[in-house]
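**Q** Got a structure for you, written out below as structure tokens; questions coming shortly.
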Amino acid sequence: MLSVEEARTRILSHARLTEAEPVPLRDAFGRVPAESSVLAAIDVPPFANSSMDGFALRAADAPGELPLMGEVAAGAAAPPLRPRTAVRIMTGAPLPPGADAVAPLEDAEMVGEDRVRLPMTEAGANVRARGHDTQHGEQVELAAEPLSAATIAVLASLGIGQIEVRRRPLVAILSTGDELVTPGESLGEGQIHDANTVSLAAAVLEAGGEPIVLLRAPDEPVAIDAALREGSASADLLVASGGVSVGRHDHVRAGIERLGELAFWRIAVQPGKPLAFGSIADRAVIGLPGNPVSALVTFELFVRVLLRGMMGLAGDGRVHLPARLDTTVRKDRERRAYLRVVVRPDPDGWLASPAGGQGSAQLRALAAANALLVVPEGEPAGEAGARYDAVLLRGVS
Ligand code: AMP
Ligand code: MG
């Protein structure tokens, strides 16, 4: 059995970077930039402006009472300020040439209609200098991570309308099993609803990929081969579930072998030991176990990192933190366990409690969990009181 790291390394060796493509900023959220920095072609802000509603003045003229010489609003051009006068100014309006400070409205006192009494005001007060966020000619670094709202705002402020990003990897999803029925349809004898097609499609989206074809095949070699061919021809990656174990009706592994190349291995992981990885016509194919918890956990461990690798992202993109398990949970000694837990803050660090039954078909515990707690191979149980690495799947509350 391969360790999780060995399996990951072998899978990642197949990660081929997707091409760069331009997207308008309005579609850029969550996309991975294909460049590591952009050149600032302008100063941001492009002119000195007021950070407050108030009165523009020369600091040297205050404190004192000054004649008010009109106003300057955001978006308008500001005429020069005559000495020993003030001008009403709005937030974001350009500072009139000659002014060097803004006295806030709250601190000023009108004297009649056209004079204002202003307090002591320091030069530079409430003024945002030209280029105070970014200077023309600067290289603005873009982190190797999905674009955030804030980074999109930076690009927009620089006047950049579109950005080169990695194409989202296209993923075909294939669920196999005679027992599967589409959710929404009623069940016949021995049938269950297909949970994996939709859960894996959602996990693909979360990882930054694009699920494009959703296929289902019964446990028949001919049908499975046809679906494997169709899925791998239409996507960068084919993710199948079910049919990779040693049962008489498990045909996915043999199908990959018939149509392409298989690097099949068993991974020392719980849940999820059987997992088939290979390629068909040079496209990566990964066969996950059918149990719905195993399918999602192995997706997290192996497919998510592969999709990220295809976009030039390293690692799993998750927050890891040490958490103390509050209950002993037995596991297979040979395999590394990923327990479904709820992590929460505790007076001496982070505490992890099992989120429910740890069976590989107990989806409710996975849905309730906010983390996977990693109990190493070689240990027969996760011990109450011991600390383990927790992989956060979402926020902690
Ligand atoms: P398999 O890996 O095909 O042996 O399937 C293992 C278990 O997972 C069996 O109990 C299957 O019924 C179940 N299973 C397989 N595929 C799915 C699916 N798409 N949705 C829900 N359960 C599944
Ligand atoms: Mg099956």
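Just so we're on the same page: first chain in the structure tokens is A, next is B, and so on; residues restart at 1 for each chain, and ligands are numbered from 1 in the order they show up.
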Excluding A:Val297 and residues on its chain fewer than 3 positions from it, collect all residues at most 8 Å away from it, counting only C-alpha atoms, and give them as a ChimeraX atom specification.
**A** /A:271-272,293-294,300-301,338
**Q** Go ahead and dump the residues you just picked, N, CA and C atoms, as a tab-separated table (two decimals), in the first residue's frame.
**A**
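Now in selection30.tsv:
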```tsv
chain	number	residue	atom	x	y	z
A	271	PRO	N	-11.04	6.67	5.32
A	271	PRO	CA	-11.64	5.74	4.36
A	271	PRO	C	-10.95	5.85	3.00
A	272	GLY	N	-11.10	4.77	2.19
A	272	GLY	CA	-10.71	4.92	0.80
A	272	GLY	C	-9.60	4.08	0.25
A	293	VAL	N	-18.75	8.64	1.41
A	293	VAL	CA	-17.79	9.35	2.27
A	293	VAL	C	-16.38	9.14	1.73
A	294	SER	N	-16.08	7.89	1.36
A	294	SER	CA	-14.75	7.58	0.82
A	294	SER	C	-14.51	8.39	-0.46
A	300	GLU	N	-10.84	14.88	-1.81
A	300	GLU	CA	-10.14	15.94	-1.05
A	300	GLU	C	-8.63	15.69	-1.06
A	301	LEU	N	-8.23	14.44	-0.85
A	301	LEU	CA	-6.81	14.14	-0.69
A	301	LEU	C	-6.05	14.08	-2.01
A	338	TYR	N	-8.64	9.58	8.37
A	338	TYR	CA	-9.13	10.96	8.29
A	338	TYR	C	-10.50	10.98	8.95
```
**Q** Could the residues that lie within 6 Å of ligand 2, counting only C-alpha atoms and all ligand atoms, be listed as a list in words?
**A**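 Residues lying within 6 Å of ligand 2: Gly177, Gly242 and Gly243 of chain A.
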**Q** Deliver the residues from the most recent selection as a file, using N, CA, C and O atoms, as an mmCIF file, in the first residue's frame.
**A**
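To be explicit, this is the file written out as again_31.cif:
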```cif
data_model
loop_
_atom_site.group_PDB
_atom_site.id
_atom_site.type_symbol
_atom_site.label_atom_id
_atom_site.label_comp_id
_atom_site.auth_asym_id
_atom_site.auth_seq_id
_atom_site.Cartn_x
_atom_site.Cartn_y
_atom_site.Cartn_z
ATOM 1 N N GLY A 177 -22.577 1.747 -11.173
ATOM 2 C CA GLY A 177 -23.299 0.839 -10.266
ATOM 3 C C GLY A 177 -24.715 0.586 -10.760
ATOM 4 O O GLY A 177 -25.425 1.525 -11.117
ATOM 5 N N GLY A 242 -16.839 4.205 -7.719
ATOM 6 C CA GLY A 242 -17.380 2.852 -7.664
ATOM 7 C C GLY A 242 -16.623 1.924 -8.606
ATOM 8 O O GLY A 242 -15.905 2.363 -9.506
ATOM 9 N N GLY A 243 -16.753 0.639 -8.345
ATOM 10 C CA GLY A 243 -16.215 -0.359 -9.268
ATOM 11 C C GLY A 243 -14.702 -0.471 -9.318
ATOM 12 O O GLY A 243 -14.148 -0.962 -10.300
#
```
**Q** For ligand 1, return the neighbouring residues as number ranges by chain (distance at most 10 Å; only C-alpha atoms and all ligand atoms).
**A** A: 174-183, 190-200, 216, 219, 240-252, 272, 274-275, 287-295, 360-361, 363
**Q** May I have all residues of stretch 198-383 of chain A that DSSP, computed from the backbone, assigns to strand (DSSP E or B), given as a PyMOL selection string?
**A** chain A and resi 210-217+237-241+261-267+269-270+274-280+283-288+320-325+329-330+336-346+349-354+371-375+381-382
**Q** Check the smallest atom-to-atom distance from each of A:Ala371, A:Ala41, A:Leu228, A:Ala386 to A:Gly159 using only C-alpha atoms, then report the winner.
**A** A:Ala41
**Q** Identify which of the residues A:Pro146, A:Pro376, A:Gly131, A:Gly260 lies closest to A:Ile42, counting only C-alpha atoms when measuring atom-to-atom distances.
**A**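 Checking each of A:Pro146, A:Pro376, A:Gly131, A:Gly260 against A:Ile42, counting only C-alpha atoms, the winner is A:Gly131.
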**Q** Find the distance between atom CA of A:Gln270 and atom CA of A:Val375 and write it in Å to one decimal.
**A** 9.6 Å
**Q** Looking at only C-alpha atoms, which of A:Ala59, A:Ala74, A:Ala207, A:Ile173 is the one that sits closest to A:Ile286?
**A** A:Ile173
**Q** With distances taken over only C-alpha atoms, which of A:Pro33, A:Gly382, A:Gly75, A:Gly278 is nearest to A:Arg335?
**A**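 The answer is A:Gly382, which sits nearest to A:Arg335.
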